[in-house]
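Listing of my_file_19.txt; format and content: compact mmCIF, C-alpha atoms.
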# COMPACT_ATOMS: atom_id res chain seq x y z
CA MET A 441 -112.01 -115.32 50.54
CA ASP A 442 -108.96 -115.70 48.35
CA ARG A 443 -107.67 -119.04 47.08
CA GLU A 444 -104.83 -119.32 49.61
CA THR A 445 -107.22 -118.78 52.53
CA LEU A 446 -109.58 -121.44 51.13
CA ILE A 447 -106.68 -123.88 50.76
CA GLU A 448 -105.59 -123.30 54.36
CA LEU A 449 -109.17 -123.85 55.54
CA GLY A 450 -109.33 -127.07 53.55
CA LEU A 451 -106.01 -128.39 54.80
CA GLY A 452 -106.79 -127.44 58.38
CA GLY A 453 -110.34 -128.72 58.50
CA GLY A 454 -111.54 -132.19 59.42
CA PRO A 455 -109.38 -135.30 59.26
CA LEU A 456 -110.46 -136.43 55.77
CA LYS A 457 -108.94 -134.30 53.01
CA LEU A 458 -110.79 -134.36 49.68
CA ILE A 459 -109.53 -132.77 46.48
CA LEU A 460 -112.23 -131.86 43.98
CA ARG A 461 -111.81 -130.92 40.34
CA GLY A 462 -114.28 -128.57 38.73
CA GLY A 463 -114.49 -127.88 35.05
CA LEU A 464 -116.54 -127.85 31.92
CA GLU A 465 -117.19 -130.84 29.71
CA THR A 466 -119.19 -131.26 26.55
CA ILE A 467 -121.88 -133.86 27.07
CA GLU A 468 -124.11 -134.76 24.15
CA GLY A 469 -123.18 -131.51 22.41
CA SER A 470 -123.87 -129.23 25.37
CA LYS A 471 -121.51 -127.76 27.94
CA ALA A 472 -121.95 -128.96 31.51
CA GLY A 473 -120.20 -128.11 34.74
CA VAL A 474 -118.75 -131.25 36.28
CA VAL A 475 -117.33 -131.65 39.79
CA THR A 476 -115.34 -134.78 40.58
CA VAL A 477 -113.65 -136.05 43.74
CA VAL A 478 -110.15 -136.92 42.50
CA TYR A 479 -108.16 -137.59 45.70
CA ALA A 480 -108.84 -138.52 49.31
CA THR A 481 -106.39 -138.85 52.21
CA MET A 482 -106.13 -138.43 55.95
CA ASP A 483 -102.61 -136.97 55.56
CA ARG A 484 -102.40 -133.16 55.33
CA ARG A 485 -98.93 -133.22 53.72
CA LYS A 486 -100.04 -135.63 51.01
CA ALA A 487 -103.14 -133.54 50.29
CA GLU A 488 -101.09 -130.35 50.00
CA GLN A 489 -98.51 -132.01 47.72
CA ARG A 490 -101.15 -133.61 45.50
CA LEU A 491 -103.10 -130.34 45.21
CA GLU A 492 -99.93 -128.58 44.03
CA GLU A 493 -99.25 -131.33 41.46
CA LEU A 494 -102.80 -131.35 40.12
CA THR A 495 -103.00 -127.56 39.95
CA ALA A 496 -99.68 -127.33 38.09
CA ALA A 497 -100.84 -129.89 35.51
CA ALA A 498 -104.43 -128.63 35.20
CA ALA A 499 -105.90 -128.33 31.74
CA PRO A 500 -107.36 -124.95 30.76
CA GLY A 501 -110.76 -124.49 32.40
CA GLN A 502 -110.09 -126.95 35.21
CA SER A 503 -109.67 -125.96 38.84
CA TYR A 504 -108.85 -127.92 41.97
CA MET A 505 -109.63 -127.28 45.62
CA VAL A 506 -108.98 -129.17 48.85
CA TYR A 507 -111.53 -129.63 51.62
CA GLY A 508 -110.98 -130.96 55.12
CA VAL A 509 -114.15 -132.67 56.21
CA PRO A 510 -115.20 -134.17 59.53
CA LEU A 511 -116.58 -137.68 59.56
CA ASP A 512 -120.19 -138.51 60.43
CA THR A 513 -121.31 -134.91 59.84
CA ASP A 514 -123.91 -133.25 57.63
CA LEU A 515 -121.44 -131.19 55.59
CA THR A 516 -124.07 -128.64 54.59
CA THR A 517 -124.14 -127.45 58.21
CA LEU A 518 -120.51 -126.30 57.98
CA GLU A 519 -119.33 -122.84 56.96
CA TYR A 520 -117.02 -124.34 54.30
CA TYR A 521 -117.72 -127.69 52.66
CA PRO A 522 -116.96 -129.39 49.31
CA SER A 523 -118.55 -127.48 46.45
CA VAL A 524 -117.60 -125.87 43.17
CA ALA A 525 -119.63 -123.03 41.65
CA VAL A 526 -120.31 -123.10 37.92
CA THR A 527 -121.85 -119.95 36.51
CA ARG A 528 -123.81 -119.41 33.30
CA ALA A 529 -120.80 -117.48 31.95
CA ASP A 530 -118.67 -120.59 32.50
CA LEU A 531 -121.04 -122.55 30.27
CA GLU A 532 -121.02 -120.08 27.39
Turn this file's structure into structure tokens for me.
Amino acid sequence: MDRETLIELGLGGGPLKLILRGGLETIEGSKAGVVTVVYATMDRRKAEQRLEELTAAAAPGQSYMVYGVPLDTDLTTLEYYPSVAVTRADLE
């Protein structure tokens, strides 16, 4: 799926909208992939606006994605749930 499709899925999903930031950090001299929840709201418009702001101001190597998640649900049972992939190439 392309980024725009993923964003639409995230904005249209469950009532809680989470924005995650993925990127690389140097921890004790080694690169590590770090995923952080940076924003949470129940308001689709606020999530969309904040995602645009964060993406526009992102530092090199950082990426943001929005996820709409249902409450009281095992998120791993869903087709699309909060996650960020970090590959070996990202760490080199």
**Message:** So that I can see what lies close to Leu494 in chain A, please list as a ChimeraX atom specification the residues with an atom at most 12 Å from it, counting all atoms listed in the file and leaving out residues fewer than 4 positions away in the same chain.
**Reply:** /A:459-462,478-479,487-490,498-499,502-506
Could those selected residues go to a file with C-alpha atoms, as a PDB file, keeping the file's coordinate frame?
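again32.pdb was written with the following content:
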ATOM      1  CA  ILE A 459    -109.530-132.770  46.480  1.00  0.00           C
ATOM      2  CA  LEU A 460    -112.230-131.860  43.980  1.00  0.00           C
ATOM      3  CA  ARG A 461    -111.810-130.920  40.340  1.00  0.00           C
ATOM      4  CA  GLY A 462    -114.280-128.570  38.730  1.00  0.00           C
ATOM      5  CA  VAL A 478    -110.150-136.920  42.500  1.00  0.00           C
ATOM      6  CA  TYR A 479    -108.160-137.590  45.700  1.00  0.00           C
ATOM      7  CA  ALA A 487    -103.140-133.540  50.290  1.00  0.00           C
ATOM      8  CA  GLU A 488    -101.090-130.350  50.000  1.00  0.00           C
ATOM      9  CA  GLN A 489     -98.510-132.010  47.720  1.00  0.00           C
ATOM     10  CA  ARG A 490    -101.150-133.610  45.500  1.00  0.00           C
ATOM     11  CA  ALA A 498    -104.430-128.630  35.200  1.00  0.00           C
ATOM     12  CA  ALA A 499    -105.900-128.330  31.740  1.00  0.00           C
ATOM     13  CA  GLN A 502    -110.090-126.950  35.210  1.00  0.00           C
ATOM     14  CA  SER A 503    -109.670-125.960  38.840  1.00  0.00           C
ATOM     15  CA  TYR A 504    -108.850-127.920  41.970  1.00  0.00           C
ATOM     16  CA  MET A 505    -109.630-127.280  45.620  1.00  0.00           C
ATOM     17  CA  VAL A 506    -108.980-129.170  48.850  1.00  0.00           C
TER      18      VAL A 506
END
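Of note, CA of Gly453 in chain A and CA of Met441 in chain A are spaced 15.7 Å apart.
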**Request:** Tell me which protein, DNA and RNA residues are within 9 Å of Pro510 in chain A, counting all atoms listed in the file, leaving out same-chain ones fewer than 5 positions away, and put them as a ChimeraX atom specification.
**Result:** /A:453-456,515
Could you work out an axis-aligned box for range 490-500 of chain A, taking every atom the file lists and adding 3 Å on each side, and report centre and edge lengths in Å to one decimal, as AutoDock Vina command-line options?
--center_x -103.3 --center_y -129.3 --center_z 38.1 --size_x 14.1 --size_y 14.7 --size_z 20.7
**Request:** Record the distance separating CA of Thr445 in chain A and CA of Ala529 in chain A, expressed in Å with one decimal.
**Result:** 24.7 Å
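Here CA of Gly508 in chain A stands at a distance of 14.6 Å from CA of Val524 in chain A.
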**Request:** Could you please give me, as a PyMOL selection string, the residues of protein, DNA or RNA lying at most 12 Å from (-121.1, -124.8, 35.1) in the coordinate frame of the file, considering all atoms listed in the file?
**Result:** chain A and resi 462-466+470-475+501-502+523-532
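Compared by their closest atoms to Leu451 in chain A, and using only C-alpha atoms, the residues A:Ala497, A:Leu491, A:Leu518, A:Tyr507 rank with A:Tyr507 nearest.
Take the candidates A:Pro500, A:Arg485, A:Glu492, A:Val509 and check each one against Leu458 in chain A using only C-alpha atoms; the shortest distance goes to A:Val509.
With all atoms listed in the file as the atoms that count, the residue of A:Glu468, A:Lys457, A:Thr495, A:Ile447 with the shortest distance to Asp483 in chain A is A:Lys457.
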